[in-house]
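Chemist: One file: protein-v3.txt (compact mmCIF, C-alpha atoms and all ligand atoms).
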# COMPACT_ATOMS: atom_id res chain seq x y z
CA MET A 103 -91.73 64.38 35.28
CA LYS A 104 -93.55 63.63 32.00
CA HIS A 105 -90.33 62.07 30.72
CA ASN A 106 -90.11 59.80 33.77
CA ILE A 107 -93.70 58.60 33.38
CA LEU A 108 -93.07 57.79 29.72
CA LEU A 109 -89.95 55.88 30.69
CA LEU A 110 -91.89 53.93 33.32
CA ILE A 111 -94.64 53.05 30.84
CA THR A 112 -92.04 51.88 28.31
CA LEU A 113 -90.24 49.75 30.91
CA PHE A 114 -93.54 48.32 32.07
CA SER A 115 -94.61 47.32 28.56
CA ILE A 116 -91.16 45.85 27.81
CA SER A 117 -91.40 43.69 30.94
CA LEU A 118 -94.94 42.68 30.04
CA SER A 119 -93.97 41.64 26.54
CA ALA A 120 -91.00 39.74 28.00
CA GLN A 121 -93.58 37.68 29.86
CA LYS A 122 -95.43 36.69 26.72
CA GLY A 123 -95.35 33.09 25.65
CA LEU A 124 -96.31 31.04 22.62
CA LYS A 125 -99.90 30.85 23.86
CA ASP A 126 -100.18 34.60 23.42
CA TYR A 127 -99.28 34.41 19.74
CA ALA A 128 -101.68 31.62 18.81
CA ASP A 129 -105.35 31.50 17.88
CA PHE A 130 -105.60 27.99 19.34
CA PRO A 131 -104.37 26.36 22.57
CA ILE A 132 -100.69 25.44 22.81
CA GLY A 133 -99.75 22.78 25.31
CA SER A 134 -97.24 20.32 26.62
CA ALA A 135 -97.33 16.89 28.21
CA ILE A 136 -96.46 17.17 31.88
CA SER A 137 -96.24 15.38 35.17
CA THR A 138 -97.46 17.42 38.11
CA TRP A 139 -94.96 15.54 40.31
CA GLY A 140 -92.19 16.53 37.90
CA TYR A 141 -93.26 20.17 38.01
CA ASN A 142 -93.41 20.13 41.83
CA ARG A 143 -89.72 19.17 41.82
CA ASP A 144 -88.69 21.31 38.85
CA THR A 145 -90.35 24.66 39.35
CA VAL A 146 -88.18 26.29 36.67
CA SER A 147 -89.79 24.05 34.03
CA ARG A 148 -93.18 24.65 35.59
CA ASP A 149 -92.83 28.43 35.47
CA ILE A 150 -91.71 28.38 31.85
CA HIS A 151 -94.66 26.13 31.04
CA VAL A 152 -97.12 28.52 32.63
CA ARG A 153 -95.66 31.42 30.66
CA GLU A 154 -95.57 29.59 27.33
CA PHE A 155 -98.62 27.34 27.31
CA ASN A 156 -102.30 27.19 28.16
CA SER A 157 -102.97 23.47 27.81
CA ILE A 158 -101.74 20.33 29.58
CA THR A 159 -101.82 16.61 28.87
CA ALA A 160 -100.57 14.13 31.47
CA ASN A 161 -97.60 12.28 30.06
CA ASN A 162 -98.43 9.25 32.23
CA GLN A 163 -100.47 9.94 35.34
CA MET A 164 -103.92 9.76 33.71
CA LYS A 165 -103.33 6.41 31.98
CA MET A 166 -105.15 3.24 32.98
CA ALA A 167 -102.13 1.75 34.74
CA SER A 168 -102.11 4.79 36.99
CA ILE A 169 -105.85 5.12 37.70
CA ALA A 170 -106.87 1.44 37.80
CA ARG A 171 -103.64 -0.10 39.07
CA GLU A 172 -105.46 -2.35 41.54
CA LYS A 173 -108.38 -4.52 40.55
CA GLY A 174 -111.71 -3.16 41.76
CA VAL A 175 -110.28 0.19 42.91
CA TYR A 176 -109.93 3.49 41.09
CA ASN A 177 -107.26 5.82 42.38
CA PHE A 178 -108.15 9.24 41.05
CA ASP A 179 -105.44 11.13 42.99
CA PRO A 180 -103.08 11.50 40.01
CA ALA A 181 -105.89 12.89 37.85
CA ASP A 182 -107.12 15.14 40.67
CA GLN A 183 -103.63 16.63 40.79
CA MET A 184 -103.78 17.38 37.07
CA VAL A 185 -107.14 19.10 37.58
CA ALA A 186 -105.77 21.15 40.48
CA PHE A 187 -102.79 22.21 38.37
CA ALA A 188 -105.03 23.15 35.46
CA GLU A 189 -107.27 25.23 37.69
CA LYS A 190 -104.42 26.93 39.51
CA TYR A 191 -102.57 27.88 36.36
CA ASN A 192 -105.48 28.42 34.00
CA GLN A 193 -104.70 25.56 31.66
CA ARG A 194 -106.99 23.52 29.45
CA LEU A 195 -106.79 19.90 30.62
CA PHE A 196 -106.71 17.22 27.96
CA GLY A 197 -107.27 13.61 29.03
CA HIS A 198 -104.81 10.97 27.80
CA ALA A 199 -105.66 8.13 27.31
CA LEU A 200 -108.73 6.03 28.19
CA VAL A 201 -108.36 2.86 26.10
CA TRP A 202 -104.91 1.83 24.92
CA HIS A 203 -102.94 -1.39 24.53
CA SER A 204 -100.05 -0.03 26.54
CA SER A 205 -99.87 1.09 30.19
CA THR A 206 -102.75 -1.15 31.20
CA PRO A 207 -102.70 -2.62 34.72
CA ALA A 208 -101.26 -6.13 35.05
CA TRP A 209 -104.49 -7.55 36.52
CA LEU A 210 -106.35 -6.82 33.25
CA SER A 211 -104.87 -10.02 31.78
CA GLU A 212 -107.20 -11.95 34.13
CA ILE A 213 -110.22 -10.86 32.07
CA GLU A 214 -108.68 -10.44 28.65
CA ASN A 215 -110.34 -13.59 27.30
CA ASN A 216 -113.71 -12.69 28.71
CA PRO A 217 -115.43 -10.20 26.36
CA VAL A 218 -118.35 -9.58 28.72
CA ALA A 219 -116.10 -8.80 31.68
CA LEU A 220 -113.76 -6.65 29.59
CA ASP A 221 -116.63 -4.64 28.12
CA SER A 222 -118.22 -4.26 31.51
CA PHE A 223 -114.94 -3.01 33.02
CA MET A 224 -114.37 -0.61 30.10
CA ARG A 225 -117.87 0.82 30.51
CA ASP A 226 -117.56 1.27 34.26
CA TYR A 227 -114.06 2.74 34.01
CA ILE A 228 -115.04 5.28 31.35
CA HIS A 229 -118.32 6.19 33.00
CA LYS A 230 -116.75 6.78 36.42
CA TYR A 231 -113.59 8.44 35.11
CA VAL A 232 -115.06 10.72 32.46
CA GLY A 233 -118.10 11.40 34.63
CA ARG A 234 -115.95 12.49 37.58
CA TYR A 235 -114.19 15.09 35.44
CA LYS A 236 -117.21 16.27 33.46
CA GLY A 237 -116.64 19.92 32.62
CA LYS A 238 -113.04 19.77 33.94
CA VAL A 239 -111.39 17.71 31.24
CA ASP A 240 -112.02 19.44 27.94
CA GLY A 241 -111.37 16.49 25.65
CA TRP A 242 -110.10 12.91 25.79
CA ASP A 243 -107.99 10.56 23.75
CA VAL A 244 -110.70 7.94 24.08
CA VAL A 245 -108.90 5.37 21.96
CA ASN A 246 -105.18 5.61 21.52
CA GLU A 247 -103.28 3.82 18.73
CA ALA A 248 -106.07 1.62 17.32
CA MET A 249 -103.98 0.93 14.23
CA ASN A 250 -100.90 -1.23 13.74
CA THR A 251 -97.50 0.42 14.04
CA ALA A 252 -97.13 0.41 10.25
CA GLY A 253 -99.42 -0.14 7.30
CA PRO A 254 -103.17 -0.48 6.95
CA GLY A 255 -104.14 -2.99 9.68
CA TRP A 256 -105.92 -2.67 13.01
CA ARG A 257 -103.78 -3.33 16.07
CA GLU A 258 -104.72 -6.62 17.69
CA THR A 259 -104.96 -5.31 21.22
CA ILE A 260 -106.72 -7.08 24.06
CA TRP A 261 -109.70 -4.80 23.36
CA TYR A 262 -109.76 -5.70 19.68
CA LYS A 263 -109.28 -9.40 20.28
CA ALA A 264 -112.17 -9.55 22.74
CA LEU A 265 -114.62 -7.07 21.22
CA GLY A 266 -113.55 -6.61 17.60
CA LYS A 267 -113.58 -3.17 15.93
CA GLU A 268 -116.71 -2.40 17.91
CA TYR A 269 -114.55 -1.64 20.97
CA VAL A 270 -113.74 1.76 19.53
CA ALA A 271 -117.43 2.60 19.03
CA LYS A 272 -118.27 1.35 22.52
CA ALA A 273 -115.54 3.41 24.18
CA LEU A 274 -116.66 6.58 22.39
CA ARG A 275 -120.31 5.97 23.29
CA TYR A 276 -119.47 5.37 26.95
CA ALA A 277 -117.41 8.56 27.08
CA HIS A 278 -120.18 10.56 25.45
CA GLU A 279 -122.73 9.19 27.93
CA ALA A 280 -120.50 10.34 30.79
CA ASP A 281 -119.78 13.81 29.39
CA PRO A 282 -121.77 14.86 26.31
CA ASP A 283 -119.74 18.10 26.01
CA ALA A 284 -116.25 16.59 25.99
CA VAL A 285 -114.37 16.48 22.67
CA LEU A 286 -113.71 12.80 21.96
CA PHE A 287 -110.62 11.81 20.02
CA VAL A 288 -109.00 8.84 18.42
CA ASN A 289 -105.26 9.42 18.43
CA ASP A 290 -102.39 7.70 16.64
CA PHE A 291 -98.77 8.03 15.55
CA ASN A 292 -97.13 8.08 12.12
CA THR A 293 -100.45 8.82 10.41
CA GLU A 294 -98.85 12.01 9.09
CA ARG A 295 -96.27 9.95 7.16
CA ASP A 296 -97.65 6.42 6.70
CA THR A 297 -100.36 6.96 4.09
CA ALA A 298 -101.72 3.41 4.30
CA LYS A 299 -102.13 3.80 8.06
CA LEU A 300 -103.75 7.20 7.54
CA HIS A 301 -106.27 5.80 5.06
CA GLU A 302 -107.23 2.94 7.38
CA THR A 303 -107.75 5.51 10.14
CA LEU A 304 -109.94 7.57 7.82
CA ARG A 305 -111.94 4.46 6.92
CA MET A 306 -112.48 3.83 10.62
CA ILE A 307 -113.69 7.40 11.10
CA LYS A 308 -116.10 7.12 8.15
CA TRP A 309 -117.50 3.93 9.61
CA LEU A 310 -117.91 5.51 13.08
CA GLN A 311 -119.59 8.56 11.59
CA SER A 312 -121.93 6.42 9.47
CA GLU A 313 -122.93 4.57 12.68
CA LYS A 314 -123.56 7.93 14.41
CA VAL A 315 -120.88 7.16 16.98
CA PRO A 316 -120.01 10.35 18.91
CA ILE A 317 -116.49 10.95 17.65
CA SER A 318 -115.46 14.60 17.54
CA GLY A 319 -111.67 14.68 17.24
CA LEU A 320 -108.71 13.20 15.42
CA GLY A 321 -105.27 13.35 17.00
CA PHE A 322 -102.04 13.23 15.03
CA GLN A 323 -99.29 12.50 17.56
CA MET A 324 -96.64 13.95 15.23
CA HIS A 325 -93.50 12.37 16.62
CA LEU A 326 -91.67 13.69 13.59
CA ARG A 327 -88.29 13.23 12.01
CA MET A 328 -86.48 15.96 10.12
CA ASP A 329 -86.70 13.99 6.86
CA ILE A 330 -90.49 13.52 6.75
CA PRO A 331 -91.54 15.58 3.70
CA ASN A 332 -93.79 18.57 4.34
CA GLU A 333 -95.97 17.54 1.37
CA THR A 334 -96.77 14.20 3.02
CA ILE A 335 -97.66 15.90 6.30
CA GLU A 336 -99.80 18.50 4.53
CA TYR A 337 -101.69 15.78 2.65
CA ALA A 338 -102.40 13.90 5.89
CA LEU A 339 -103.62 16.94 7.82
CA LYS A 340 -105.80 17.97 4.89
CA LYS A 341 -107.39 14.52 4.68
CA GLY A 342 -107.83 14.58 8.46
CA ALA A 343 -109.54 17.96 8.33
CA GLU A 344 -111.90 16.73 5.61
CA THR A 345 -113.52 14.46 8.21
CA GLY A 346 -114.89 17.62 9.85
CA LEU A 347 -113.40 16.56 13.21
CA MET A 348 -111.34 18.73 15.54
CA ILE A 349 -107.67 18.19 14.71
CA HIS A 350 -105.12 17.98 17.54
CA LEU A 351 -101.38 17.79 16.91
CA SER A 352 -101.18 15.98 20.19
CA GLU A 353 -97.57 14.92 20.92
CA VAL A 354 -95.26 17.00 18.76
CA ASP A 355 -91.48 16.63 18.68
CA ILE A 356 -88.93 16.48 15.84
CA ILE A 357 -85.85 14.25 15.94
CA PHE A 358 -82.75 14.17 13.73
CA ASN A 359 -81.81 10.52 14.18
CA THR A 360 -83.90 7.52 13.19
CA HIS A 361 -85.99 5.58 15.64
CA ASP A 362 -87.41 2.13 15.20
CA ASP A 363 -91.05 2.10 16.32
CA THR A 364 -91.22 -1.66 16.58
CA GLN A 365 -88.14 -2.24 18.70
CA GLY A 366 -87.83 0.85 20.86
CA GLY A 367 -84.32 1.37 19.52
CA GLY A 368 -82.80 3.97 17.27
CA LYS A 369 -80.04 4.65 14.81
CA GLN A 370 -77.62 7.36 15.97
CA LEU A 371 -76.90 9.30 12.76
CA TYR A 372 -75.73 12.52 14.41
CA ASP A 373 -73.65 12.61 17.57
CA ASP A 374 -73.65 16.37 17.91
CA ILE A 375 -75.91 19.21 17.06
CA THR A 376 -74.64 22.05 14.84
CA PRO A 377 -76.03 25.58 14.36
CA GLU A 378 -77.11 24.54 10.85
CA MET A 379 -79.09 21.60 12.22
CA LEU A 380 -80.71 23.80 14.85
CA ALA A 381 -81.71 26.30 12.17
CA ALA A 382 -83.13 23.55 9.97
CA GLN A 383 -85.15 22.25 12.90
CA GLY A 384 -86.46 25.77 13.47
CA LYS A 385 -87.61 25.86 9.86
CA LYS A 386 -89.30 22.46 10.25
CA TYR A 387 -91.20 23.62 13.33
CA GLU A 388 -92.23 26.74 11.43
CA ASP A 389 -93.43 24.64 8.47
CA ILE A 390 -95.52 22.35 10.68
CA VAL A 391 -97.37 25.23 12.29
CA ARG A 392 -97.91 26.92 8.92
CA ILE A 393 -99.28 23.71 7.43
CA TYR A 394 -101.62 23.28 10.40
CA ARG A 395 -102.90 26.84 10.05
CA LYS A 396 -103.23 26.49 6.30
CA VAL A 397 -105.09 23.21 5.92
CA VAL A 398 -107.06 22.89 9.16
CA PRO A 399 -110.00 25.32 9.25
CA LYS A 400 -109.97 27.62 12.29
CA SER A 401 -113.10 26.01 13.74
CA GLN A 402 -111.33 22.60 13.76
CA GLN A 403 -108.03 23.77 15.30
CA TYR A 404 -108.04 22.01 18.67
CA GLY A 405 -104.43 23.01 19.22
CA ILE A 406 -100.83 21.90 19.22
CA THR A 407 -99.30 20.01 22.15
CA PHE A 408 -95.63 19.16 22.61
CA TRP A 409 -94.72 15.80 24.14
CA GLY A 410 -92.48 17.65 26.58
CA TYR A 411 -91.04 20.98 25.55
CA SER A 412 -87.39 20.71 26.60
CA ASP A 413 -84.47 18.55 25.55
CA ARG A 414 -83.81 18.14 29.27
CA SER A 415 -86.87 16.00 29.84
CA SER A 416 -87.96 14.68 26.44
CA TRP A 417 -88.95 10.99 26.42
CA ILE A 418 -87.02 10.35 23.20
CA ASN A 419 -83.48 9.75 24.42
CA GLY A 420 -84.39 7.28 27.15
CA PHE A 421 -86.99 5.44 25.11
CA PHE A 422 -84.98 5.01 21.90
CA LYS A 423 -81.54 4.96 23.56
CA LEU A 424 -80.55 7.94 21.45
CA LYS A 425 -78.85 11.26 21.88
CA ASP A 426 -81.20 13.69 20.17
CA TRP A 427 -82.57 17.22 20.46
CA PRO A 428 -86.27 16.99 19.62
CA THR A 429 -87.90 19.96 21.34
CA ILE A 430 -88.10 23.78 21.38
CA TYR A 431 -86.06 24.40 24.57
CA ASP A 432 -82.54 23.11 25.12
CA ALA A 433 -81.30 21.11 28.10
CA ASN A 434 -80.37 24.36 29.86
CA MET A 435 -83.95 25.53 29.48
CA GLN A 436 -83.12 28.15 26.87
CA PRO A 437 -85.34 28.62 23.80
CA LYS A 438 -83.79 27.07 20.67
CA PRO A 439 -84.12 28.23 17.07
CA ALA A 440 -86.99 25.69 17.06
CA TYR A 441 -88.82 28.01 19.45
CA GLU A 442 -88.39 30.99 17.15
CA GLY A 443 -89.40 28.84 14.19
CA PHE A 444 -92.58 27.73 15.94
CA LYS A 445 -93.37 31.33 16.76
CA ARG A 446 -92.78 32.42 13.16
CA GLY A 447 -95.14 29.64 12.10
CA LEU A 448 -97.81 31.25 14.24
CA GLY A 449 -97.35 34.34 12.07
CA LYS A 450 -95.46 36.31 14.75
O1 LIG A 501 -93.40 4.98 37.29
C1 LIG A 501 -92.66 3.76 37.05
C2 LIG A 501 -91.61 3.56 38.09
O2 LIG A 501 -92.25 3.38 39.32
C3 LIG A 501 -90.75 2.34 37.71
O3 LIG A 501 -89.71 2.20 38.60
C4 LIG A 501 -90.17 2.49 36.31
C5 LIG A 501 -89.38 1.26 35.86
O4 LIG A 501 -89.53 1.02 34.49
O5 LIG A 501 -91.24 2.69 35.41
C6 LIG A 501 -92.00 3.86 35.69
O6 LIG A 501 -93.02 3.96 34.73
C7 LIG A 501 -92.63 4.29 33.42
C8 LIG A 501 -93.35 5.58 33.03
O7 LIG A 501 -93.09 5.85 31.67
C9 LIG A 501 -92.92 6.77 33.87
O8 LIG A 501 -91.54 7.03 33.68
C10 LIG A 501 -93.03 3.15 32.51
O9 LIG A 501 -92.24 1.99 32.79
C11 LIG A 501 -92.83 3.55 31.07
O10 LIG A 501 -93.39 2.54 30.23
C12 LIG A 501 -93.55 4.85 30.81
O11 LIG A 501 -93.32 5.21 29.46
C13 LIG A 501 -94.23 6.11 28.93
C14 LIG A 501 -94.88 5.48 27.70
O12 LIG A 501 -95.72 6.41 27.07
C15 LIG A 501 -95.73 4.27 28.06
O13 LIG A 501 -96.83 4.66 28.84
C16 LIG A 501 -93.49 7.38 28.54
O14 LIG A 501 -93.03 8.03 29.73
C17 LIG A 501 -94.45 8.33 27.80
O15 LIG A 501 -93.73 9.45 27.33
C18 LIG A 501 -95.04 7.57 26.62
O16 LIG A 501 -95.97 8.43 25.98
C19 LIG A 501 -96.54 7.89 24.78
C20 LIG A 501 -97.98 8.36 24.71
O17 LIG A 501 -98.67 7.99 25.88
C21 LIG A 501 -98.67 7.81 23.47
N1 LIG A 501 -97.92 8.12 22.27
C22 LIG A 501 -96.51 7.79 22.28
C23 LIG A 501 -95.84 8.41 23.51
C24 LIG A 501 -94.35 8.14 23.52
O18 LIG A 501 -94.09 6.76 23.60
Would you write out, as structure tokens, the structure that this file holds?
Modeler:
Amino acid sequence: MKHNILLLITLFSISLSAQKGLKDYADFPIGSAISTWGYNRDTVSRDIHVREFNSITANNQMKMASIAREKGVYNFDPADQMVAFAEKYNQRLFGHALVWHSSTPAWLSEIENNPVALDSFMRDYIHKYVGRYKGKVDGWDVVNEAMNTAGPGWRETIWYKALGKEYVAKALRYAHEADPDAVLFVNDFNTERDTAKLHETLRMIKWLQSEKVPISGLGFQMHLRMDIPNETIEYALKKGAETGLMIHLSEVDIIFNTHDDTQGGGKQLYDDITPEMLAAQGKKYEDIVRIYRKVVPKSQQYGITFWGYSDRSSWINGFFKLKDWPTIYDANMQPKPAYEGFKRGLGK
């Protein structure tokens, strides 16, 4: 009898530990970009997500083109569905992205040369959107990709052209007015590797802080390549952390081939994946997490989010016309060595 009870307890704890996911090994939230419509169709991916992660970012459905598609109308349904998913599955919801040059509705071009109208729309959009989800969306990418693709310049977006650098300050202020408790981020890509771009971003943050603009987070998208040196990444995250802001690795993936950020194309260097490459990718994932834990103080660790967690649905191959393997789960939804590497990086 006693023997049977012991056996039952052992089996029970084995099955419980089999249910553990990355979120259970981390001191900070771990997330993935999702589409609730995608997860409604693909419940296998959804169930793995719920086991592994405790944070979600919408890969598209919370962008301006989705919420403000028609002039004069806000359609909050796609964002409502993200909120419902977050509540049902106990996920932190991160808002992506309020002000960006991409995925804007077509009608916006009608007011792009009218600074007053553009500012007035931006204010109304942010107030209504952030205000509606006050207390439900934990943090926002308020301004996405303010800097040029490469080097130290500001991106000349419609927002920049009409309102100058001040558009970033305005957007952050409007968001703070709508939800004073939300963590407010600026978010960009390649800042972990392009030091000139990083330093321009840091200059922007210094300026915002000196103007008492309510910025509270810095996002590093971290669309990485295997050959980006760890030292460069460590330097960038350290400089980022020195701002005192929350640091979010907001869109992590790691590719083998080379992509061209300016043309949306890529160079296919590897046609097939080998066990050695998979192991090396595992080590890279491990290194990234270790660097994050080492140089970002605990109180500033907003978390790590994958831009999709499986090679089945990663954005990379379609976008860059590549065959690559950037994520921690393979196309058959099995954990890769990258998964184990990530977990080791968490110290487990
Ligand atoms: O939904 C429409 C569909 O109705 C239409 O038939 C089809 C035809 O092109 O387009 C569909 O929309 C596409 C959408 O993805 C959903 O698949 C858009 O054209 C396409 O531009 C959009 O691409 C997204 C891209 O951002 C631009 O918004 C990618 O999925 C998304 O992964 C990517 O995510 C960005 C982050 O927001 C910011 N950082 C970089 C990251 C990767 O590029």
Chemist: Neighbours of Pro282 (chain A) within 9 Å (all atoms listed in the file; same-chain residues fewer than 4 positions away dropped), as a PDB file with C-alpha atoms, in the frame of the given file?
Modeler:
ATOM      1  CA  LYS A 236    -117.210  16.270  33.460  1.00  0.00           C
ATOM      2  CA  ALA A 277    -117.410   8.560  27.080  1.00  0.00           C
ATOM      3  CA  HIS A 278    -120.180  10.560  25.450  1.00  0.00           C
ATOM      4  CA  PRO A 316    -120.010  10.350  18.910  1.00  0.00           C
TER       5      PRO A 316
END
Chemist: With distances taken over all atoms listed in the file, which of A:Lys272, A:His198, A:Lys238, A:His151 is nearest to Met224 (chain A)?
Modeler: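 Selected residue with least distance to Met224 (chain A): A:Lys272.
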Chemist: Determine the nearest neighbour of ligand LIG 501 (chain A) from the options A:Ala433, A:Ile357, A:Ala280, A:Ala167, counting only C-alpha atoms and all ligand atoms.
Modeler: A:Ala167
Chemist: Name the closest residue to ligand LIG 501 (chain A) among the candidates A:Tyr262, A:Tyr269, A:Phe422, A:Tyr337; distances are taken between atoms, counting all atoms listed in the file.
Modeler: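 For ligand LIG 501 (chain A), the nearest of the given residues is A:Phe422.
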Chemist: Find, counting all atoms listed in the file, the residue in A:Lys267, A:Arg148, A:His325, A:Arg153 that gets nearest to ligand LIG 501 (chain A).
Modeler: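 Closest to ligand LIG 501 (chain A), using all atoms listed in the file: A:His325.
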Chemist: Any chance you could tabulate, as CSV, the residues of chain A at most 8 Å from ligand LIG 501 (chain A) with each one's nearest atom pair and distance in Å to one decimal, using only C-alpha atoms and all ligand atoms, in chain and rising number order?
Modeler:
residue,atom,partner,partner_atom,distance
A:Asn161,CA,A:LIG501,O15,5.5
A:Asn162,CA,A:LIG501,O13,5.9
A:Lys165,CA,A:LIG501,O13,7.4
A:His198,CA,A:LIG501,O17,7.1
A:Ala199,CA,A:LIG501,O17,7.1
A:Ser204,CA,A:LIG501,O13,6.1
A:Ser205,CA,A:LIG501,O13,4.9
A:Asn246,CA,A:LIG501,C21,7.1
A:Glu247,CA,A:LIG501,C21,7.7
A:Asp290,CA,A:LIG501,N1,7.2
A:Phe291,CA,A:LIG501,N1,6.8
A:Gln323,CA,A:LIG501,N1,6.6
A:His325,CA,A:LIG501,C22,7.9
A:Glu353,CA,A:LIG501,N1,6.9
A:Trp409,CA,A:LIG501,O15,7.2
A:Ser416,CA,A:LIG501,O15,7.8
A:Trp417,CA,A:LIG501,O15,5.1
A:Ile418,CA,A:LIG501,C24,7.7
A:Phe421,CA,A:LIG501,O18,7.4
Chemist: I want to know what sits within 12 Å of Gly420 (chain A), based on all atoms listed in the file, with residues of the same chain fewer than 5 positions away left out; could you give that as a PDB file with C-alpha atoms, keeping the file's coordinate frame?
Modeler:
ATOM      1  CA  HIS A 361     -85.990   5.580  15.640  1.00  0.00           C
ATOM      2  CA  GLY A 366     -87.830   0.850  20.860  1.00  0.00           C
ATOM      3  CA  GLY A 367     -84.320   1.370  19.520  1.00  0.00           C
ATOM      4  CA  GLY A 368     -82.800   3.970  17.270  1.00  0.00           C
ATOM      5  CA  ASP A 413     -84.470  18.550  25.550  1.00  0.00           C
ATOM      6  CA  ARG A 414     -83.810  18.140  29.270  1.00  0.00           C
ATOM      7  CA  SER A 415     -86.870  16.000  29.840  1.00  0.00           C
ATOM      8  CA  LYS A 425     -78.850  11.260  21.880  1.00  0.00           C
ATOM      9  CA  ASP A 426     -81.200  13.690  20.170  1.00  0.00           C
TER      10      ASP A 426
END
Chemist: Measuring between only C-alpha atoms, which one of A:Ala381, A:Val288, A:Met184, A:Ala298 shows the shortest distance to Ser352 (chain A)?
Modeler: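 Checking each of A:Ala381, A:Val288, A:Met184, A:Ala298 against Ser352 (chain A), counting only C-alpha atoms, the winner is A:Val288.
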Chemist: Enter the distance from CA of Asn289 (chain A) to CA of Met249 (chain A), in Å, rounded to one decimal.
Modeler: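 Pair CA of Asn289 (chain A) / CA of Met249 (chain A) returns 9.6 Å.
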Chemist: For region 179-248 of chain A against region 126-132 of chain A, with a cut-off of 12 Å and counting all atoms listed in the file, what is the closest atom pair and its distance in Å to one decimal for every residue that makes the cut, ordered by chain and number, as a tab-separated table?
Modeler:
residue	atom	partner	partner_atom	distance
A:Asn192	CA	A:Pro131	CA	11.7
A:Gln193	CA	A:Pro131	CA	9.1
A:Arg194	CA	A:Pro131	CA	7.9
A:Leu195	CA	A:Pro131	CA	10.6
A:Phe196	CA	A:Pro131	CA	10.9
A:Asp240	CA	A:Pro131	CA	11.6
Chemist: Env of Ala343 (chain A): 10 Å cut, atoms = all atoms listed in the file, seq-sep filter 4 positions within chain, self excluded. Answer as a PyMOL selection string.
Modeler: chain A and resi 319-320+337-339+347-349+394+397-399+402-403
